[in-house]
$ cat model18.pdb   # PDB, C-alpha atoms
ATOM      1  CA  GLU A   1     -77.847  45.406  -1.362
ATOM      2  CA  ALA A   2     -77.049  42.114   0.301
ATOM      3  CA  VAL A   3     -77.236  40.460  -3.066
ATOM      4  CA  ALA A   4     -75.086  43.146  -4.608
ATOM      5  CA  HIS A   5     -72.307  42.408  -2.145
ATOM      6  CA  GLU A   6     -72.450  38.626  -2.624
ATOM      7  CA  PRO A   7     -70.135  38.554  -5.689
ATOM      8  CA  HIS A   8     -67.511  40.445  -3.719
ATOM      9  CA  ARG A   9     -67.734  37.947  -0.863
ATOM     10  CA  ARG A  10     -67.431  35.070  -3.313
ATOM     11  CA  GLN A  11     -64.474  36.774  -4.972
ATOM     12  CA  ASP A  12     -62.775  37.260  -1.615
ATOM     13  CA  GLN A  13     -63.445  33.632  -0.694
ATOM     14  CA  ASN A  14     -62.112  32.500  -4.063
ATOM     15  CA  GLN A  15     -59.042  34.654  -3.616
ATOM     16  CA  GLY A  16     -58.574  33.202  -0.135
ATOM     17  CA  ARG A  17     -58.817  29.717  -1.562
ATOM     18  CA  VAL A  18     -56.363  30.661  -4.305
ATOM     19  CA  HIS A  19     -53.971  32.112  -1.784
ATOM     20  CA  GLY A  20     -54.484  29.062   0.398
ATOM     21  CA  ARG A  21     -53.650  26.774  -2.498
ATOM     22  CA  ASP A  22     -50.544  28.841  -3.277
ATOM     23  CA  LEU A  23     -49.388  28.604   0.297
ATOM     24  CA  LEU A  24     -50.081  24.933   0.457
ATOM     25  CA  GLY A  25     -48.433  24.474  -2.921
ATOM     26  CA  SER A  26     -45.244  26.053  -1.642
ATOM     27  CA  ARG A  27     -44.884  23.555   1.232
ATOM     28  CA  PRO A  28     -43.883  20.560  -0.841
ATOM     29  CA  ALA A  29     -41.019  22.585  -2.381
ATOM     30  CA  GLN A  30     -39.762  23.554   1.077
ATOM     31  CA  GLU A  31     -40.118  19.996   2.290
ATOM     32  CA  GLN A  32     -38.260  18.821  -0.815
ATOM     33  CA  ASP A  33     -35.367  21.172  -0.014
ATOM     34  CA  ARG A  34     -35.235  19.874   3.535
ATOM     35  CA  GLY A  35     -35.325  16.317   2.229
ATOM     36  CA  THR A  36     -32.452  17.004  -0.137
ATOM     37  CA  GLU A  37     -30.365  18.447   2.701
ATOM     38  CA  GLU A  38     -31.174  15.465   4.912
ATOM     39  CA  ASP A  39     -30.253  13.042   2.126
ATOM     40  CA  ALA A  40     -26.928  14.817   1.585
ATOM     41  CA  ALA A  41     -26.188  14.747   5.309
ATOM     42  CA  ALA A  42     -27.081  11.062   5.520
ATOM     43  CA  LYS A  43     -24.892  10.273   2.511
ATOM     44  CA  LYS A  44     -21.949  12.141   4.018
ATOM     45  CA  ALA A  45     -22.402  10.337   7.330
ATOM     46  CA  GLU A  46     -22.468   7.026   5.469
ATOM     47  CA  GLU A  47     -19.294   7.902   3.554
ATOM     48  CA  ASP A  48     -17.537   8.975   6.763
ATOM     49  CA  ALA A  49     -18.522   5.725   8.447
ATOM     50  CA  ALA A  50     -17.226   3.711   5.477
ATOM     51  CA  ALA A  51     -13.934   5.626   5.488
ATOM     52  CA  LYS A  52     -13.535   5.054   9.228
ATOM     53  CA  LYS A  53     -14.254   1.342   8.791
ATOM     54  CA  ALA A  54     -11.690   1.094   5.986
ATOM     55  CA  GLU A  55      -9.095   2.854   8.133
ATOM     56  CA  GLU A  56      -9.768   0.503  11.039
ATOM     57  CA  ALA A  57      -9.479  -2.474   8.677
ATOM     58  CA  LYS A  58      -5.925  -1.545   7.786
ATOM     59  CA  THR A  59      -3.421  -3.802   9.510
ATOM     60  CA  GLU A  60       0.306  -3.525   9.902
ATOM     61  CA  PRO A  61       2.273  -5.913   7.682
ATOM     62  CA  ASN A  62       3.218  -9.090   9.473
ATOM     63  CA  GLY A  63       5.386 -11.655   7.736
ATOM     64  CA  HIS A  64       8.835 -12.224   6.278
ATOM     65  CA  LEU A  65      10.816 -10.131   3.811
ATOM     66  CA  GLU A  66      13.323 -11.815   1.522
ATOM     67  CA  ILE A  67      16.166  -9.559   0.407
ATOM     68  CA  VAL A  68      18.394 -10.435  -2.539
ATOM     69  CA  VAL A  69      21.377  -8.268  -3.486
ATOM     70  CA  LEU A  70      21.686  -8.749  -7.231
ATOM     71  CA  SER A  71      24.375  -6.477  -8.647
ATOM     72  CA  ALA A  72      26.178  -3.148  -8.656
ATOM     73  CA  LYS A  73      27.383  -0.894 -11.451
ATOM     74  CA  ASP A  74      30.085   1.727 -11.941
ATOM     75  CA  LEU A  75      31.666   1.301  -8.512
ATOM     76  CA  ALA A  76      34.618   3.444  -7.494
ATOM     77  CA  ASN A  77      38.074   1.939  -7.946
ATOM     78  CA  ARG A  78      40.026   1.922  -4.693
ATOM     79  CA  ASP A  79      42.878  -0.360  -5.806
ATOM     80  CA  GLY A  80      44.695   2.003  -8.151
ATOM     81  CA  SER A  81      45.706   1.589 -11.775
ATOM     82  CA  GLY A  82      46.049  -1.905 -13.186
ATOM     83  CA  ASP A  83      43.644  -3.309 -10.606
ATOM     84  CA  ALA A  84      40.040  -2.847  -9.517
ATOM     85  CA  SER A  85      38.044  -2.895  -6.314
ATOM     86  CA  ASP A  86      36.999  -6.200  -4.769
ATOM     87  CA  PRO A  87      33.432  -5.351  -3.706
ATOM     88  CA  LEU A  88      31.085  -7.036  -1.289
ATOM     89  CA  ALA A  89      27.704  -5.803  -0.073
ATOM     90  CA  VAL A  90      26.344  -5.798   3.464
ATOM     91  CA  VAL A  91      22.683  -5.343   4.417
ATOM     92  CA  ASN A  92      21.478  -4.177   7.836
ATOM     93  CA  GLY A  93      17.895  -4.295   9.027
ATOM     94  CA  PRO A  94      15.879  -1.461  10.607
ATOM     95  CA  ASP A  95      17.276  -2.472  14.012
ATOM     96  CA  GLY A  96      20.850  -2.235  12.760
ATOM     97  CA  ALA A  97      21.466  -5.974  12.848
ATOM     98  CA  GLU A  98      23.325  -7.492   9.897
ATOM     99  CA  VAL A  99      20.958  -9.398   7.627
ATOM    100  CA  LEU A 100      23.350 -10.641   4.965
ATOM    101  CA  LYS A 101      26.783 -10.258   3.424
ATOM    102  CA  THR A 102      27.615 -11.189  -0.147
ATOM    103  CA  GLU A 103      30.759 -12.901  -1.343
ATOM    104  CA  VAL A 104      33.672 -10.774  -2.534
ATOM    105  CA  ALA A 105      33.719 -10.100  -6.278
ATOM    106  CA  LYS A 106      37.411  -9.932  -7.250
ATOM    107  CA  ASN A 107      38.572  -7.043  -9.437
ATOM    108  CA  ASN A 108      35.098  -6.074 -10.549
ATOM    109  CA  LEU A 109      33.482  -2.659 -10.684
ATOM    110  CA  ASN A 110      30.218  -4.130 -12.016
ATOM    111  CA  PRO A 111      29.729  -7.187  -9.807
ATOM    112  CA  VAL A 112      26.882  -9.696  -9.936
ATOM    113  CA  TRP A 113      26.594 -11.566  -6.647
ATOM    114  CA  ALA A 114      25.322 -15.107  -6.241
ATOM    115  CA  SER A 115      25.115 -15.383  -2.450
ATOM    116  CA  GLY A 116      23.440 -12.102  -1.508
ATOM    117  CA  LYS A 117      20.259 -13.442   0.047
ATOM    118  CA  GLY A 118      18.705 -12.999   3.464
ATOM    119  CA  THR A 119      15.352 -12.850   5.275
ATOM    120  CA  ILE A 120      14.024 -10.709   8.093
ATOM    121  CA  ALA A 121      10.834 -10.864  10.118
ATOM    122  CA  VAL A 122       8.542  -7.886   9.533
ATOM    123  CA  LYS A 123       6.026  -6.518  12.014
ATOM    124  CA  GLY A 124       5.084  -3.027  10.942
ATOM    125  CA  ALA A 125       6.517  -0.870   8.174
ATOM    126  CA  THR A 126       8.682   1.649  10.019
ATOM    127  CA  GLY A 127      12.397   2.114   9.547
ATOM    128  CA  SER A 128      14.724   1.439   6.624
ATOM    129  CA  LEU A 129      17.100  -1.185   5.293
ATOM    130  CA  LYS A 130      20.709  -0.052   4.913
ATOM    131  CA  PHE A 131      22.912  -1.257   2.064
ATOM    132  CA  THR A 132      26.668  -0.696   2.094
ATOM    133  CA  VAL A 133      29.218  -1.737  -0.519
ATOM    134  CA  PHE A 134      32.826  -2.222   0.610
ATOM    135  CA  ASP A 135      36.140  -2.879  -1.107
ATOM    136  CA  ASP A 136      37.826  -5.885   0.488
ATOM    137  CA  ASP A 137      41.612  -5.722   0.431
ATOM    138  CA  GLY A 138      42.037  -9.412   1.249
ATOM    139  CA  THR A 139      43.418  -8.827   4.738
ATOM    140  CA  GLY A 140      40.129  -8.396   6.530
ATOM    141  CA  LYS A 141      40.113  -4.633   6.110
ATOM    142  CA  THR A 142      37.425  -2.911   4.072
ATOM    143  CA  GLU A 143      36.925   0.529   2.579
ATOM    144  CA  GLY A 144      33.498   1.936   1.857
ATOM    145  CA  LEU A 145      32.490   2.376  -1.766
ATOM    146  CA  GLY A 146      29.014   3.758  -1.108
ATOM    147  CA  ALA A 147      25.830   3.303   0.880
ATOM    148  CA  ALA A 148      22.089   3.564   0.349
ATOM    149  CA  SER A 149      18.863   2.943   2.211
ATOM    150  CA  VAL A 150      15.402   1.704   1.242
ATOM    151  CA  PRO A 151      12.338   2.396   3.435
ATOM    152  CA  LEU A 152      10.813  -0.804   4.766
ATOM    153  CA  GLU A 153       7.435   0.430   3.532
ATOM    154  CA  ARG A 154       8.807   0.377  -0.025
ATOM    155  CA  ALA A 155      10.615  -2.937   0.420
ATOM    156  CA  ILE A 156       7.487  -4.853   1.412
ATOM    157  CA  GLN A 157       5.857  -3.800  -1.861
ATOM    158  CA  GLY A 158       8.292  -6.197  -3.531
ATOM    159  CA  GLY A 159      10.099  -6.118  -6.845
ATOM    160  CA  GLU A 160      13.507  -4.901  -7.958
ATOM    161  CA  VAL A 161      14.885  -1.563  -6.814
ATOM    162  CA  THR A 162      18.006   0.254  -8.012
ATOM    163  CA  VAL A 163      19.469   2.841  -5.664
ATOM    164  CA  ALA A 164      22.339   5.303  -5.991
ATOM    165  CA  LEU A 165      25.325   4.667  -3.745
ATOM    166  CA  GLU A 166      26.241   7.775  -1.817
ATOM    167  CA  LYS A 167      28.989   8.816   0.523
ATOM    168  CA  ALA A 168      28.563   7.699   4.132
ATOM    169  CA  ASP A 169      30.589   8.184   7.308
ATOM    170  CA  GLY A 170      34.215   7.213   6.862
ATOM    171  CA  MET A 171      34.016   7.127   3.069
ATOM    172  CA  ALA A 172      35.980   9.303   0.669
ATOM    173  CA  ARG A 173      33.011   9.314  -1.701
ATOM    174  CA  GLY A 174      30.166   7.194  -3.002
ATOM    175  CA  GLN A 175      29.727   6.120  -6.583
ATOM    176  CA  GLY A 176      27.639   3.753  -8.695
ATOM    177  CA  THR A 177      24.329   1.989  -8.192
ATOM    178  CA  LEU A 178      23.098  -1.117  -6.398
ATOM    179  CA  THR A 179      20.201  -3.334  -7.521
ATOM    180  CA  VAL A 180      18.265  -5.454  -5.038
ATOM    181  CA  ARG A 181      15.080  -7.516  -5.112
ATOM    182  CA  PHE A 182      12.438  -7.810  -2.398
ATOM    183  CA  THR A 183       9.801 -10.475  -1.817
ATOM    184  CA  PHE A 184       7.357 -10.057   1.048
ATOM    185  CA  VAL A 185       5.342 -13.002   2.335
ATOM    186  CA  ASP A 186       2.359 -12.040   4.464
ATOM    187  CA  GLU A 187       1.750 -14.708   7.114
ATOM    188  CA  GLU A 188      -2.030 -14.283   7.084
ATOM    189  CA  ALA A 189      -2.154 -14.481   3.291
ATOM    190  CA  ALA A 190       0.144 -17.518   3.303
ATOM    191  CA  LYS A 191      -2.024 -19.213   5.932
ATOM    192  CA  LYS A 192      -5.196 -18.535   3.975
ATOM    193  CA  LYS A 193      -3.603 -19.840   0.775
ATOM    194  CA  ALA A 194      -2.465 -23.025   2.531
ATOM    195  CA  GLU A 195      -5.976 -23.592   3.901
ATOM    196  CA  GLU A 196      -7.523 -23.081   0.449
ATOM    197  CA  GLU A 197      -5.050 -25.501  -1.127
ATOM    198  CA  ALA A 198      -5.737 -28.081   1.594
ATOM    199  CA  ALA A 199      -9.499 -27.705   1.092
ATOM    200  CA  ALA A 200      -9.131 -28.081  -2.687
ATOM    201  CA  LYS A 201      -6.988 -31.188  -2.256
ATOM    202  CA  LYS A 202      -9.502 -32.758   0.140
ATOM    203  CA  ALA A 203     -12.329 -32.021  -2.292
ATOM    204  CA  GLU A 204     -10.408 -33.809  -5.064
ATOM    205  CA  GLU A 205      -9.765 -36.787  -2.800
ATOM    206  CA  ASP A 206     -13.433 -36.947  -1.794
ATOM    207  CA  ASP A 207     -14.515 -36.829  -5.443
ATOM    208  CA  ALA A 208     -12.048 -39.564  -6.323
ATOM    209  CA  ALA A 209     -13.267 -41.743  -3.438
ATOM    210  CA  LYS A 210     -16.912 -41.209  -4.409
ATOM    211  CA  LYS A 211     -16.167 -42.113  -8.000
ATOM    212  CA  THR A 212     -14.397 -45.301  -6.887
ATOM    213  CA  GLU A 213     -17.415 -46.307  -4.780
ATOM    214  CA  GLU A 214     -19.776 -45.723  -7.693
ATOM    215  CA  ASP A 215     -17.634 -47.889  -9.972
TER     216      ASP A 215
END
$ encode --input "model18.pdb" --output "structure tokens"
Amino acid sequence: EAVAHEPHRRQDQNQGRVHGRDLLGSRPAQEQDRGTEEDAAAKKAEEDAAAKKAEEAKTEPNGHLEIVVLSAKDLANRDGSGDASDPLAVVNGPDGAEVLKTEVAKNNLNPVWASGKGTIAVKGATGSLKFTVFDDDGTGKTEGLGAASVPLERAIQGGEVTVALEKADGMARGQGTLTVRFTFVDEEAAKKKAEEEAAAKKAEEDDAAKKTEED
């Protein structure tokens, strides 16, 4: 009888071992899932840290902005028939201070100015530049032909910008467009460029001196 029961005991032991292997076999899959979750969490933490570092690395612009008033088109005529407006443009900085004033373009509704150039110091990118076109009557009095503004944040990106002239306070109406050009010079970038140019020049001089000694 003891012998008769032996196969059953062996079968139970084998089944136990089988079940044991199944249970053990399932652990790596669970551990793999946990590992995947941990990897994803670590990756997200790394990405968040990189984004935070990039945000901290951002610096406010610090330099000088050159403003050039180039031209205007289709200005309103304030001088009546047989004559045309005598426009000039005025630019005010974010603080309201006058930056530049162009010369007067006599009898011209599509003026191209030669003297419309000015520079302002830039520390930060808040505020806007205000552009106003006036009709000069030759007696020191002016009448507004239109006004526009350009955010400083856009201006420091550089390039030419054409804006629509709109009605402002004290104006009958606004009409036409104004084209301006911006050039921003970052002080840190300019300093770095100057240092690189100085280093390159010194390297050339050293090479020339070494060559002279060898000759």
$ resolve_selection --input "model18.pdb" --expression "the PyMOL selection byres ((chain A and resi 165) around 12)" --output "MDAnalysis selection string"
chainID A and resid 72:76 89 130:134 144:150 162:164 166:168 171 173:179
$ atom_distance --input "model18.pdb" --atom1 "atom CA of Gly159 of chain A" --atom2 "atom CA of Leu65 of chain A"
11.4 Å
$ atom_distance --input "model18.pdb" --atom1 "atom CA of Arg78 of chain A" --atom2 "atom CA of Gly116 of chain A"
22.0 Å
$ atom_distance --input "model18.pdb" --atom1 "atom CA of Thr119 of chain A" --atom2 "atom CA of Gly93 of chain A"
9.7 Å
$ residues_around --input "model18.pdb" --residues "segment 188-196 of chain A" --least-positions-apart "5" --cutoff "10 Å" --atoms "all atoms listed in the file" --output "VMD selection string"
chain A and resid 61 to 63 201 to 202
$ resolve_selection --input "model18.pdb" --expression "the PyMOL selection byres ((chain A and resi 106) around 10)" --output "CSV table (one decimal) with C-alpha atoms, keeping the file's coordinate frame"
chain,number,residue,atom,x,y,z
A,83,ASP,CA,43.6,-3.3,-10.6
A,84,ALA,CA,40.0,-2.8,-9.5
A,85,SER,CA,38.0,-2.9,-6.3
A,86,ASP,CA,37.0,-6.2,-4.8
A,87,PRO,CA,33.4,-5.4,-3.7
A,88,LEU,CA,31.1,-7.0,-1.3
A,103,GLU,CA,30.8,-12.9,-1.3
A,104,VAL,CA,33.7,-10.8,-2.5
A,105,ALA,CA,33.7,-10.1,-6.3
A,107,ASN,CA,38.6,-7.0,-9.4
A,108,ASN,CA,35.1,-6.1,-10.5
A,109,LEU,CA,33.5,-2.7,-10.7
A,111,PRO,CA,29.7,-7.2,-9.8
A,135,ASP,CA,36.1,-2.9,-1.1
A,136,ASP,CA,37.8,-5.9,0.5
A,137,ASP,CA,41.6,-5.7,0.4
A,138,GLY,CA,42.0,-9.4,1.2
$ resolve_selection --input "model18.pdb" --expression "the PyMOL selection byres ((chain A and resi 68) around 10)" --output "JSON, numbers by chain"
{"A": [65, 66, 67, 69, 70, 71, 91, 100, 102, 113, 114, 115, 116, 117, 118, 119, 160, 179, 180, 181, 182, 183]}
